[in-house]
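Chemist: Below is the file data_33.pdb, with PDB, C-alpha atoms and all ligand atoms.
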```
ATOM      1  CA  MET K   1      -5.151   0.727 -24.393
ATOM      2  CA  ALA K   2      -7.055   1.223 -21.152
ATOM      3  CA  SER K   3      -5.385   0.638 -17.831
ATOM      4  CA  ASP K   4      -8.369   0.136 -15.545
ATOM      5  CA  PHE K   5      -8.135  -3.594 -16.061
ATOM      6  CA  SER K   6      -4.569  -4.691 -16.649
ATOM      7  CA  ILE K   7      -3.571  -8.279 -17.337
ATOM      8  CA  LEU K   8      -2.381  -8.429 -13.702
ATOM      9  CA  ASP K   9      -5.811  -7.297 -12.518
ATOM     10  CA  PHE K  10      -7.300  -9.917 -14.770
ATOM     11  CA  PHE K  11      -5.418 -12.792 -13.160
ATOM     12  CA  LYS K  12      -5.961 -11.442  -9.676
ATOM     13  CA  GLU K  13      -9.712 -11.325 -10.231
ATOM     14  CA  TYR K  14     -10.055 -14.462 -12.348
ATOM     15  CA  PRO K  15      -7.297 -16.764 -11.125
ATOM     16  CA  ASP K  16      -9.129 -19.995 -11.923
ATOM     17  CA  GLU K  17     -12.045 -21.678 -13.625
ATOM     18  CA  GLU K  18     -14.403 -21.125 -10.703
ATOM     19  CA  ALA K  19     -13.853 -17.358 -10.749
ATOM     20  CA  ALA K  20     -14.365 -17.238 -14.510
ATOM     21  CA  ARG K  21     -17.581 -19.250 -14.220
ATOM     22  CA  LYS K  22     -18.887 -16.875 -11.565
ATOM     23  CA  TYR K  23     -17.975 -13.909 -13.762
ATOM     24  CA  PHE K  24     -20.027 -15.247 -16.675
ATOM     25  CA  GLU K  25     -22.928 -16.327 -14.470
ATOM     26  CA  ASP K  26     -23.179 -12.960 -12.710
ATOM     27  CA  ILE K  27     -23.510 -11.213 -16.068
ATOM     28  CA  ARG K  28     -25.852 -13.755 -17.624
ATOM     29  CA  TRP K  29     -28.119 -14.250 -14.623
ATOM     30  CA  LYS K  30     -28.269 -10.918 -12.833
ATOM     31  CA  ASP K  31     -31.599 -11.834 -11.252
ATOM     32  CA  GLY K  32     -30.835 -15.461 -10.495
ATOM     33  CA  VAL K  33     -30.195 -18.557 -12.549
ATOM     34  CA  ARG K  34     -32.690 -19.038 -15.366
ATOM     35  CA  CYS K  35     -33.100 -22.105 -17.572
ATOM     36  CA  PRO K  36     -31.873 -21.322 -21.107
ATOM     37  CA  TYR K  37     -34.274 -23.893 -22.571
ATOM     38  CA  CYS K  38     -37.641 -22.950 -21.064
ATOM     39  CA  GLY K  39     -36.894 -19.760 -19.145
ATOM     40  CA  GLY K  40     -37.854 -21.448 -15.883
ATOM     41  CA  VAL K  41     -36.482 -20.153 -12.608
ATOM     42  CA  HIS K  42     -36.933 -23.352 -10.585
ATOM     43  CA  VAL K  43     -33.378 -24.501 -10.813
ATOM     44  CA  SER K  44     -31.384 -26.981  -8.738
ATOM     45  CA  LYS K  45     -27.638 -26.906  -8.396
ATOM     46  CA  CYS K  46     -26.016 -30.270  -9.063
ATOM     47  CA  ALA K  47     -23.402 -31.634  -6.729
ATOM     48  CA  GLY K  48     -19.811 -32.028  -7.860
ATOM     49  CA  LYS K  49     -18.026 -30.470 -10.799
ATOM     50  CA  SER K  50     -20.383 -31.388 -13.600
ATOM     51  CA  PRO K  51     -19.933 -29.572 -16.912
ATOM     52  CA  MET K  52     -23.704 -28.965 -16.580
ATOM     53  CA  PRO K  53     -23.978 -27.694 -12.999
ATOM     54  CA  TYR K  54     -27.682 -26.764 -13.104
ATOM     55  CA  ARG K  55     -30.897 -28.688 -13.584
ATOM     56  CA  CYS K  56     -34.241 -27.113 -14.460
ATOM     57  CA  ARG K  57     -37.058 -28.524 -12.384
ATOM     58  CA  ASP K  58     -39.620 -27.404 -14.992
ATOM     59  CA  CYS K  59     -38.211 -28.973 -18.153
ATOM     60  CA  ARG K  60     -35.713 -31.266 -16.396
ATOM     61  CA  LYS K  61     -32.824 -30.294 -18.631
ATOM     62  CA  HIS K  62     -29.290 -29.842 -17.388
ATOM     63  CA  PHE K  63     -27.392 -26.737 -18.389
ATOM     64  CA  SER K  64     -24.433 -24.467 -17.769
ATOM     65  CA  VAL K  65     -23.806 -20.777 -18.366
ATOM     66  CA  ARG K  66     -22.489 -21.689 -21.825
ATOM     67  CA  VAL K  67     -25.849 -22.953 -23.129
ATOM     68  CA  GLY K  68     -27.519 -20.374 -25.352
ATOM     69  CA  THR K  69     -24.344 -18.350 -25.820
ATOM     70  CA  ILE K  70     -21.466 -18.394 -28.288
ATOM     71  CA  MET K  71     -19.673 -20.730 -25.840
ATOM     72  CA  GLU K  72     -22.266 -23.499 -26.176
ATOM     73  CA  SER K  73     -20.775 -26.996 -26.629
ATOM     74  CA  SER K  74     -17.244 -25.692 -26.147
ATOM     75  CA  LYS K  75     -15.053 -27.771 -23.865
ATOM     76  CA  LEU K  76     -12.469 -25.056 -23.561
ATOM     77  CA  PRO K  77     -12.111 -23.757 -19.977
ATOM     78  CA  LEU K  78     -14.150 -20.636 -19.259
ATOM     79  CA  GLN K  79     -11.027 -18.883 -18.034
ATOM     80  CA  LYS K  80      -9.527 -19.257 -21.523
ATOM     81  CA  TRP K  81     -12.696 -17.890 -23.092
ATOM     82  CA  LEU K  82     -12.575 -14.941 -20.751
ATOM     83  CA  LEU K  83      -8.907 -14.282 -21.419
ATOM     84  CA  ALA K  84      -9.430 -14.559 -25.191
ATOM     85  CA  MET K  85     -12.279 -12.010 -25.015
ATOM     86  CA  TYR K  86     -10.023  -9.751 -22.981
ATOM     87  CA  ILE K  87      -7.155 -10.035 -25.445
ATOM     88  CA  LEU K  88      -9.216  -9.699 -28.632
ATOM     89  CA  PHE K  89     -11.098  -6.615 -27.496
ATOM     90  CA  ASN K  90      -8.176  -4.917 -25.796
ATOM     91  CA  SER K  91      -5.567  -5.282 -28.538
ATOM     92  CA  LYS K  92      -5.879  -2.399 -30.931
ATOM     93  CA  LYS K  93      -4.993  -4.371 -34.044
ATOM     94  CA  GLY K  94      -6.273  -7.791 -33.017
ATOM     95  CA  ILE K  95      -4.222 -10.942 -32.530
ATOM     96  CA  SER K  96      -3.208 -13.778 -34.814
ATOM     97  CA  SER K  97      -4.388 -17.284 -33.991
ATOM     98  CA  VAL K  98      -0.744 -18.374 -33.710
ATOM     99  CA  GLN K  99      -0.061 -15.799 -31.008
ATOM    100  CA  LEU K 100      -3.390 -16.368 -29.271
ATOM    101  CA  ALA K 101      -2.621 -20.101 -29.128
ATOM    102  CA  GLU K 102       0.717 -19.391 -27.459
ATOM    103  CA  MET K 103      -0.897 -17.109 -24.898
ATOM    104  CA  LEU K 104      -3.714 -19.526 -24.082
ATOM    105  CA  GLY K 105      -1.743 -22.734 -24.323
ATOM    106  CA  THR K 106      -3.992 -24.238 -26.987
ATOM    107  CA  THR K 107      -3.427 -25.480 -30.505
ATOM    108  CA  GLN K 108      -3.548 -22.920 -33.271
ATOM    109  CA  LYS K 109      -6.709 -24.542 -34.645
ATOM    110  CA  THR K 110      -8.454 -24.189 -31.277
ATOM    111  CA  ALA K 111      -7.394 -20.556 -31.006
ATOM    112  CA  TRP K 112      -8.539 -19.871 -34.566
ATOM    113  CA  PHE K 113     -11.995 -21.338 -33.912
ATOM    114  CA  LEU K 114     -12.217 -19.556 -30.569
ATOM    115  CA  ALA K 115     -11.335 -16.165 -32.062
ATOM    116  CA  HIS K 116     -13.903 -16.580 -34.834
ATOM    117  CA  ARG K 117     -16.604 -17.346 -32.292
ATOM    118  CA  ILE K 118     -15.665 -14.233 -30.341
ATOM    119  CA  ARG K 119     -15.782 -12.189 -33.579
ATOM    120  CA  GLU K 120     -19.283 -13.551 -34.066
ATOM    121  CA  THR K 121     -20.392 -11.529 -31.023
ATOM    122  CA  ARG K 122     -19.967  -8.391 -33.124
ATOM    123  CA  GLY K 123     -21.570  -7.062 -36.280
ATOM    124  CA  SER K 124     -25.228  -7.598 -35.529
ATOM    125  CA  GLU K 125     -25.969  -4.040 -34.471
ATOM    126  CA  LYS K 126     -29.324  -3.013 -35.872
ATOM    127  CA  GLY K 127     -30.875   0.324 -36.621
ATOM    128  CA  PHE K 128     -30.364   3.074 -39.161
ATOM    129  CA  PHE K 129     -27.629   5.655 -39.074
ATOM    130  CA  THR K 130     -28.973   9.187 -38.742
ATOM    131  CA  GLY K 131     -27.575  12.700 -38.636
ATOM    132  CA  THR K 132     -24.332  13.083 -40.544
ATOM    133  CA  VAL K 133     -22.853   9.908 -41.955
ATOM    134  CA  GLU K 134     -19.610   9.226 -43.816
ATOM    135  CA  VAL K 135     -19.535   6.420 -46.357
ATOM    136  CA  ASP K 136     -16.470   5.071 -48.114
ATOM    137  CA  GLU K 137     -15.168   1.857 -49.524
ATOM    138  CA  THR K 138     -11.774   0.230 -49.447
ATOM    139  CA  TYR K 139     -10.164  -2.970 -50.681
ATOM    140  CA  VAL K 140      -8.735  -5.709 -48.534
ATOM    141  CA  GLY K 141      -6.689  -8.765 -49.385
ATOM    142  CA  GLY K 142      -4.322  -9.684 -52.138
ATOM    143  CA  LYS K 143      -1.440  -7.501 -53.205
ATOM    144  CA  GLU K 144      -2.007  -3.947 -52.185
ATOM    145  CA  LYS K 145      -0.645  -0.784 -53.717
ATOM    146  CA  SER K 146      -0.908   2.430 -51.748
ATOM    147  CA  LYS K 147      -4.367   3.412 -50.617
ATOM    148  CA  HIS K 148      -4.391   6.423 -52.892
ATOM    149  CA  ALA K 149      -3.278   4.424 -55.884
ATOM    150  CA  SER K 150      -6.017   1.908 -55.288
ATOM    151  CA  LYS K 151      -8.511   4.712 -54.932
ATOM    152  CA  LYS K 152      -7.494   6.206 -58.243
ATOM    153  CA  LEU K 153      -7.828   2.865 -59.932
ATOM    154  CA  ARG K 154     -10.871   1.663 -58.135
ATOM    155  CA  ALA K 155     -13.091   1.791 -61.181
ATOM    156  CA  GLY K 156     -11.737  -1.695 -61.749
ATOM    157  CA  ARG K 157      -8.034  -2.354 -61.900
ATOM    158  CA  GLY K 158      -7.326  -1.250 -58.329
ATOM    159  CA  ALA K 159      -9.591  -3.936 -57.033
ATOM    160  CA  VAL K 160      -7.867  -6.874 -58.706
ATOM    161  CA  GLY K 161      -7.315  -9.649 -56.176
ATOM    162  CA  LYS K 162      -8.974  -7.679 -53.413
ATOM    163  CA  THR K 163     -12.434  -7.550 -51.924
ATOM    164  CA  PRO K 164     -14.290  -4.280 -51.524
ATOM    165  CA  VAL K 165     -15.427  -3.406 -48.020
ATOM    166  CA  VAL K 166     -18.045  -0.709 -47.469
ATOM    167  CA  GLY K 167     -17.847   1.391 -44.329
ATOM    168  CA  ILE K 168     -20.442   3.689 -42.795
ATOM    169  CA  LYS K 169     -19.560   5.959 -39.897
ATOM    170  CA  SER K 170     -21.720   8.339 -37.915
ATOM    171  CA  ARG K 171     -20.204  11.528 -36.562
ATOM    172  CA  ASP K 172     -20.792  10.244 -33.044
ATOM    173  CA  GLY K 173     -18.294   7.529 -33.822
ATOM    174  CA  LYS K 174     -20.189   4.351 -34.671
ATOM    175  CA  VAL K 175     -18.942   2.248 -37.572
ATOM    176  CA  LYS K 176     -20.586  -0.481 -39.582
ATOM    177  CA  ALA K 177     -18.491  -2.187 -42.230
ATOM    178  CA  PHE K 178     -18.951  -5.229 -44.436
ATOM    179  CA  PRO K 179     -17.561  -6.764 -47.612
ATOM    180  CA  VAL K 180     -19.489  -6.585 -50.874
ATOM    181  CA  LYS K 181     -18.898  -8.546 -54.066
ATOM    182  CA  GLU K 182     -18.274  -5.498 -56.215
ATOM    183  CA  ALA K 183     -18.038  -1.817 -55.427
ATOM    184  CA  ASN K 184     -20.589  -0.706 -57.990
ATOM    185  CA  SER K 185     -23.508   1.670 -57.836
ATOM    186  CA  LYS K 186     -25.967  -1.065 -56.928
ATOM    187  CA  THR K 187     -24.028  -2.380 -53.929
ATOM    188  CA  LEU K 188     -22.797   0.988 -52.630
ATOM    189  CA  THR K 189     -26.081   2.867 -52.849
ATOM    190  CA  GLY K 190     -27.853  -0.308 -51.687
ATOM    191  CA  ALA K 191     -25.620  -0.458 -48.622
ATOM    192  CA  ILE K 192     -26.431   3.159 -47.823
ATOM    193  CA  ARG K 193     -30.180   2.698 -48.285
ATOM    194  CA  ALA K 194     -30.134  -0.415 -46.101
ATOM    195  CA  ASN K 195     -28.304   1.287 -43.237
ATOM    196  CA  VAL K 196     -28.882   5.037 -43.349
ATOM    197  CA  ALA K 197     -32.170   6.785 -42.634
ATOM    198  CA  ALA K 198     -33.593   8.863 -45.501
ATOM    199  CA  GLY K 199     -32.910  12.550 -45.015
ATOM    200  CA  ALA K 200     -29.556  11.980 -43.314
ATOM    201  CA  ALA K 201     -26.521  13.930 -44.518
ATOM    202  CA  VAL K 202     -24.359  11.442 -46.421
ATOM    203  CA  TYR K 203     -20.762  12.349 -47.218
ATOM    204  CA  THR K 204     -18.820  10.352 -49.749
ATOM    205  CA  ASP K 205     -15.974  10.970 -52.135
ATOM    206  CA  GLN K 206     -16.521  11.485 -55.832
ATOM    207  CA  HIS K 207     -16.790   7.864 -56.853
ATOM    208  CA  ARG K 208     -19.392   7.679 -59.625
ATOM    209  CA  ALA K 209     -21.096   4.751 -57.940
ATOM    210  CA  TYR K 210     -22.371   7.092 -55.218
ATOM    211  CA  ARG K 211     -24.592   8.977 -57.681
ATOM    212  CA  GLY K 212     -28.354   9.051 -57.352
ATOM    213  CA  LEU K 213     -28.732   9.246 -53.576
ATOM    214  CA  LYS K 214     -31.621  11.638 -53.930
ATOM    215  CA  GLU K 215     -33.381  10.791 -50.686
ATOM    216  CA  PHE K 216     -30.305  11.929 -48.725
ATOM    217  CA  ASP K 217     -28.540  15.227 -48.276
ATOM    218  CA  HIS K 218     -25.578  13.893 -50.255
ATOM    219  CA  LYS K 219     -22.316  15.823 -50.402
ATOM    220  CA  ARG K 220     -19.039  14.796 -52.004
ATOM    221  CA  VAL K 221     -15.507  15.369 -50.863
ATOM    222  CA  ILE K 222     -13.390  16.330 -53.843
ATOM    223  CA  HIS K 223     -10.107  14.558 -53.213
ATOM    224  CA  SER K 224      -8.637  15.328 -56.612
ATOM    225  CA  VAL K 225      -8.212  19.044 -55.967
ATOM    226  CA  GLY K 226      -6.715  18.463 -52.558
ATOM    227  CA  GLU K 227      -9.911  19.553 -50.891
ATOM    228  CA  TYR K 228      -9.950  16.885 -48.233
ATOM    229  CA  VAL K 229     -11.791  18.921 -45.689
ATOM    230  CA  ARG K 230     -14.430  21.339 -46.946
ATOM    231  CA  LYS K 231     -15.873  22.794 -43.802
ATOM    232  CA  GLN K 232     -17.798  19.866 -42.323
ATOM    233  CA  VAL K 233     -17.807  17.807 -45.485
ATOM    234  CA  TYR K 234     -15.136  15.184 -44.996
ATOM    235  CA  THR K 235     -14.718  11.441 -44.837
ATOM    236  CA  ASN K 236     -11.651  11.430 -42.577
ATOM    237  CA  GLY K 237     -13.550   9.536 -39.899
ATOM    238  CA  ILE K 238     -14.192   6.418 -41.937
ATOM    239  CA  GLU K 239     -10.723   6.732 -43.479
ATOM    240  CA  SER K 240      -9.179   6.595 -40.018
ATOM    241  CA  PHE K 241     -11.109   3.375 -39.442
ATOM    242  CA  TRP K 242      -9.677   1.968 -42.686
ATOM    243  CA  ALA K 243      -6.220   2.902 -41.443
ATOM    244  CA  ILE K 244      -6.693   0.818 -38.273
ATOM    245  CA  LEU K 245      -8.154  -2.079 -40.269
ATOM    246  CA  LYS K 246      -5.176  -2.030 -42.635
ATOM    247  CA  ARG K 247      -2.621  -1.770 -39.856
ATOM    248  CA  GLY K 248      -4.188  -4.871 -38.349
ATOM    249  CA  TYR K 249      -4.217  -6.646 -41.681
ATOM    250  CA  TYR K 250      -0.598  -5.877 -42.566
ATOM    251  CA  GLY K 251       0.826  -5.894 -39.070
ATOM    252  CA  ILE K 252      -0.951  -8.793 -37.413
ATOM    253  CA  TYR K 253      -2.994 -11.014 -39.686
ATOM    254  CA  HIS K 254      -1.279 -10.843 -43.106
ATOM    255  CA  PHE K 255      -4.070 -12.828 -44.735
ATOM    256  CA  TRP K 256      -7.843 -12.893 -44.612
ATOM    257  CA  SER K 257      -9.735 -15.304 -46.811
ATOM    258  CA  VAL K 258     -12.765 -13.896 -48.586
ATOM    259  CA  LYS K 259     -14.809 -16.543 -46.808
ATOM    260  CA  HIS K 260     -14.059 -15.144 -43.350
ATOM    261  CA  LEU K 261     -13.389 -11.519 -44.285
ATOM    262  CA  HIS K 262     -16.698 -10.281 -42.845
ATOM    263  CA  ARG K 263     -15.741 -11.733 -39.458
ATOM    264  CA  TYR K 264     -12.437  -9.894 -39.339
ATOM    265  CA  VAL K 265     -14.115  -6.688 -40.467
ATOM    266  CA  ASN K 266     -16.698  -7.207 -37.704
ATOM    267  CA  GLU K 267     -13.881  -7.623 -35.209
ATOM    268  CA  PHE K 268     -12.361  -4.272 -36.185
ATOM    269  CA  ALA K 269     -15.692  -2.433 -36.342
ATOM    270  CA  GLY K 270     -16.755  -4.026 -33.062
ATOM    271  CA  ARG K 271     -13.546  -3.018 -31.345
ATOM    272  CA  PHE K 272     -13.735   0.484 -32.829
ATOM    273  CA  ASN K 273     -17.285   0.896 -31.531
ATOM    274  CA  VAL K 274     -16.304   0.104 -27.952
ATOM    275  CA  ARG K 275     -13.104   2.153 -27.945
ATOM    276  CA  GLU K 276     -14.573   4.660 -25.483
ATOM    277  CA  PHE K 277     -15.572   1.898 -23.074
ATOM    278  CA  SER K 278     -13.396   0.623 -20.255
ATOM    279  CA  ALA K 279     -11.384  -2.556 -20.786
ATOM    280  CA  ARG K 280     -13.700  -4.274 -18.346
ATOM    281  CA  ASP K 281     -16.840  -3.246 -20.236
ATOM    282  CA  ARG K 282     -15.366  -4.385 -23.539
ATOM    283  CA  VAL K 283     -15.038  -7.908 -22.147
ATOM    284  CA  ARG K 284     -18.587  -7.847 -20.796
ATOM    285  CA  LEU K 285     -19.938  -6.620 -24.135
ATOM    286  CA  ALA K 286     -18.099  -9.418 -25.933
ATOM    287  CA  PHE K 287     -19.810 -11.993 -23.739
ATOM    288  CA  GLU K 288     -23.248 -10.341 -23.927
ATOM    289  CA  GLY K 289     -22.937 -10.015 -27.702
ATOM    290  CA  GLY K 290     -22.751 -13.800 -27.891
ATOM    291  CA  PHE K 291     -26.124 -14.433 -26.266
ATOM    292  CA  GLY K 292     -28.329 -16.433 -28.615
ATOM    293  CA  LYS K 293     -25.513 -16.904 -31.126
ATOM    294  CA  ARG K 294     -23.898 -20.056 -32.346
ATOM    295  CA  LEU K 295     -21.014 -20.814 -34.668
ATOM    296  CA  THR K 296     -20.018 -24.441 -34.985
ATOM    297  CA  TYR K 297     -16.680 -25.541 -36.386
ATOM    298  CA  LYS K 298     -18.473 -27.327 -39.191
ATOM    299  CA  GLY K 299     -20.478 -24.223 -39.953
ATOM    300  CA  LEU K 300     -17.358 -22.111 -39.897
ATOM    301  CA  ILE K 301     -15.346 -24.206 -42.325
ATOM    302  CA  SER K 302     -18.225 -25.118 -44.634
ATOM    303  CA  HIS K 303     -19.782 -21.689 -44.896
ATOM    304  CA  ALA K 304     -20.320 -20.784 -48.532
ATOM    305  CA  THR K 305     -17.814 -18.335 -49.944
ATOM    306  CA  ALA K 306     -19.315 -14.891 -50.046
TER     307      ALA K 306
HETATM  308 ZN    ZN Y   1     -36.159 -25.506 -18.264
END
```
Using structure tokens, write down the structure from this file.
Modeler:
Amino acid sequence: MASDFSILDFFKEYPDEEAARKYFEDIRWKDGVRCPYCGGVHVSKCAGKSPMPYRCRDCRKHFSVRVGTIMESSKLPLQKWLLAMYILFNSKKGISSVQLAEMLGTTQKTAWFLAHRIRETRGSEKGFFTGTVEVDETYVGGKEKSKHASKKLRAGRGAVGKTPVVGIKSRDGKVKAFPVKEANSKTLTGAIRANVAAGAAVYTDQHRAYRGLKEFDHKRVIHSVGEYVRKQVYTNGIESFWAILKRGYYGIYHFWSVKHLHRYVNEFAGRFNVREFSARDRVRLAFEGGFGKRLTYKGLISHATA
């Protein structure tokens, strides 16, 4: 993708654990080390190579740069975290846990857990979409026919064995996407009302479930007559996002369980939303997106099926 930060640059700049630690600390503590427990700034550095190199003189707790981030409690070297963030956000279609494990020299289980924690840094963007917004839904998982066939049949049969995913895209290029239980009027219009500001121009296709969006300037793209692009009324933007998602699914991952589907969708939306950023900034955003987040292995495997 971007060449400002090649894998060679990466290893030149972050050749070891110490360099990776400094990288994370410089981003986390721009104005000096701060205790993640009490916010105190009276911090002592501990001697030696403790996994908790800092001690707060206010609350007396020991901590490292991992505490209070998605890396909390992980024993995996920081250099591997950094490399995994680099790989996941600079590979257009993502990376399988099998391949990530080979690249990092970990077990597949470790790589799988690591990648899910990095995905967790995405998908929490808040705020309503305004202006002109495209909305569409697609189906992921199970046996897939062609996209157009599934669209024709999506009133029911096309969705068999697959999970609907709703996508919202602004014309300035931001995407939010998430699975829903059923692509019916309640979930689709509900998704729009929860994420799009009233008065915005909302473009969808002719799916009946998109009826009744009276508080929006709602226009439909009539696919059936070949009218894919009617002046400005089109949904090609969100459809191009679906194309990337599906290339990743078929080309890289091959299977997403319903239970973790939202994480993979977050990964693709998150990567799509930083596509204009430099490779370096994508890594930084992955780390910053994990501040205040936590995903334990137990939580990951026991999470109720959506
Ligand atoms: Zn403290």
Chemist: Residues near region 199-202 of chain K, anyone? I mean within 8 Å using only C-alpha atoms, not counting same-chain ones fewer than 4 positions away, as a list in words.
Modeler: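 The neighbour list is Phe129, Thr130, Gly131, Thr132, Val133, Glu134, Val135, Glu215, Phe216, Asp217, His218 and Lys219 of chain K.
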Chemist: Selected by the PyMOL selection byres (((not hetatm)) within 9 of (chain Y and resi 1)) in the shown coordinates: which residues, as a ChimeraX atom specification?
Modeler: /K:34-43,55-63
Chemist: Enter the distance from CA of Thr110 (chain K) to CA of Phe241 (chain K), in Å, rounded to one decimal.
Modeler: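 CA of Thr110 (chain K) sits 28.9 Å away from CA of Phe241 (chain K).
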Chemist: Pick out the closest residue to Gln79 (chain K) from this set: K:Leu261, K:Ala111, K:Ala19, K:Leu100. Count only C-alpha atoms.
Modeler: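 Looking at the shortest contact to Gln79 (chain K), the residue is K:Ala19.
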Chemist: Taking the point (-7.8, -17.3, -22.2) as given in the file, collect each protein or nucleic acid residue that comes within 12 Å of it, counting all atoms listed in the file, and present the set as a PyMOL selection string.
Modeler: chain K and resi 7+10-11+14-17+20+76-88+99-106+110-111+114-115+118+283
Chemist: Evaluating the PyMOL selection byres (((chain K and resi 174) around 12) and not hetatm) on the displayed file yields which residues, as number ranges by chain?
Modeler: K: 123, 125-135, 167-173, 175-177, 237-238, 241, 268-276
Chemist: How many Å lie between CA of Asp205 (chain K) and CA of Ser257 (chain K), rounded to one decimal?
Modeler: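 One can read the CA of Asp205 (chain K) to CA of Ser257 (chain K) distance as 27.5 Å.
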Chemist: Give me the residues within 10 Å of Glu72 (chain K) as a PyMOL selection string, counting all atoms listed in the file and dropping any in the same chain fewer than 2 places off.
Modeler: chain K and resi 63-70+74-75+290-296
Chemist: Taking C-alpha atoms for each residue, export the selection above as a PDB file, in the frame of the given file.
Modeler:
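Result file selection-v7.pdb:
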```pdb
ATOM      1  CA  PHE K  63     -27.392 -26.737 -18.389  1.00  0.00           C
ATOM      2  CA  SER K  64     -24.433 -24.467 -17.769  1.00  0.00           C
ATOM      3  CA  VAL K  65     -23.806 -20.777 -18.366  1.00  0.00           C
ATOM      4  CA  ARG K  66     -22.489 -21.689 -21.825  1.00  0.00           C
ATOM      5  CA  VAL K  67     -25.849 -22.953 -23.129  1.00  0.00           C
ATOM      6  CA  GLY K  68     -27.519 -20.374 -25.352  1.00  0.00           C
ATOM      7  CA  THR K  69     -24.344 -18.350 -25.820  1.00  0.00           C
ATOM      8  CA  ILE K  70     -21.466 -18.394 -28.288  1.00  0.00           C
ATOM      9  CA  SER K  74     -17.244 -25.692 -26.147  1.00  0.00           C
ATOM     10  CA  LYS K  75     -15.053 -27.771 -23.865  1.00  0.00           C
ATOM     11  CA  GLY K 290     -22.751 -13.800 -27.891  1.00  0.00           C
ATOM     12  CA  PHE K 291     -26.124 -14.433 -26.266  1.00  0.00           C
ATOM     13  CA  GLY K 292     -28.329 -16.433 -28.615  1.00  0.00           C
ATOM     14  CA  LYS K 293     -25.513 -16.904 -31.126  1.00  0.00           C
ATOM     15  CA  ARG K 294     -23.898 -20.056 -32.346  1.00  0.00           C
ATOM     16  CA  LEU K 295     -21.014 -20.814 -34.668  1.00  0.00           C
ATOM     17  CA  THR K 296     -20.018 -24.441 -34.985  1.00  0.00           C
TER      18      THR K 296
END
```
Chemist: What is the CA of Ser91 (chain K)-CA of Gly248 (chain K) distance in Å, reported with one decimal?
Modeler: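 So the answer is 9.9 Å.
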Chemist: Go through K:Thr187, K:Trp112, K:Arg263, K:Gln206 and flag the residue nearest Ile95 (chain K), using all atoms listed in the file for the distances.
Modeler: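 Closest residue, counting all atoms listed in the file: K:Trp112.
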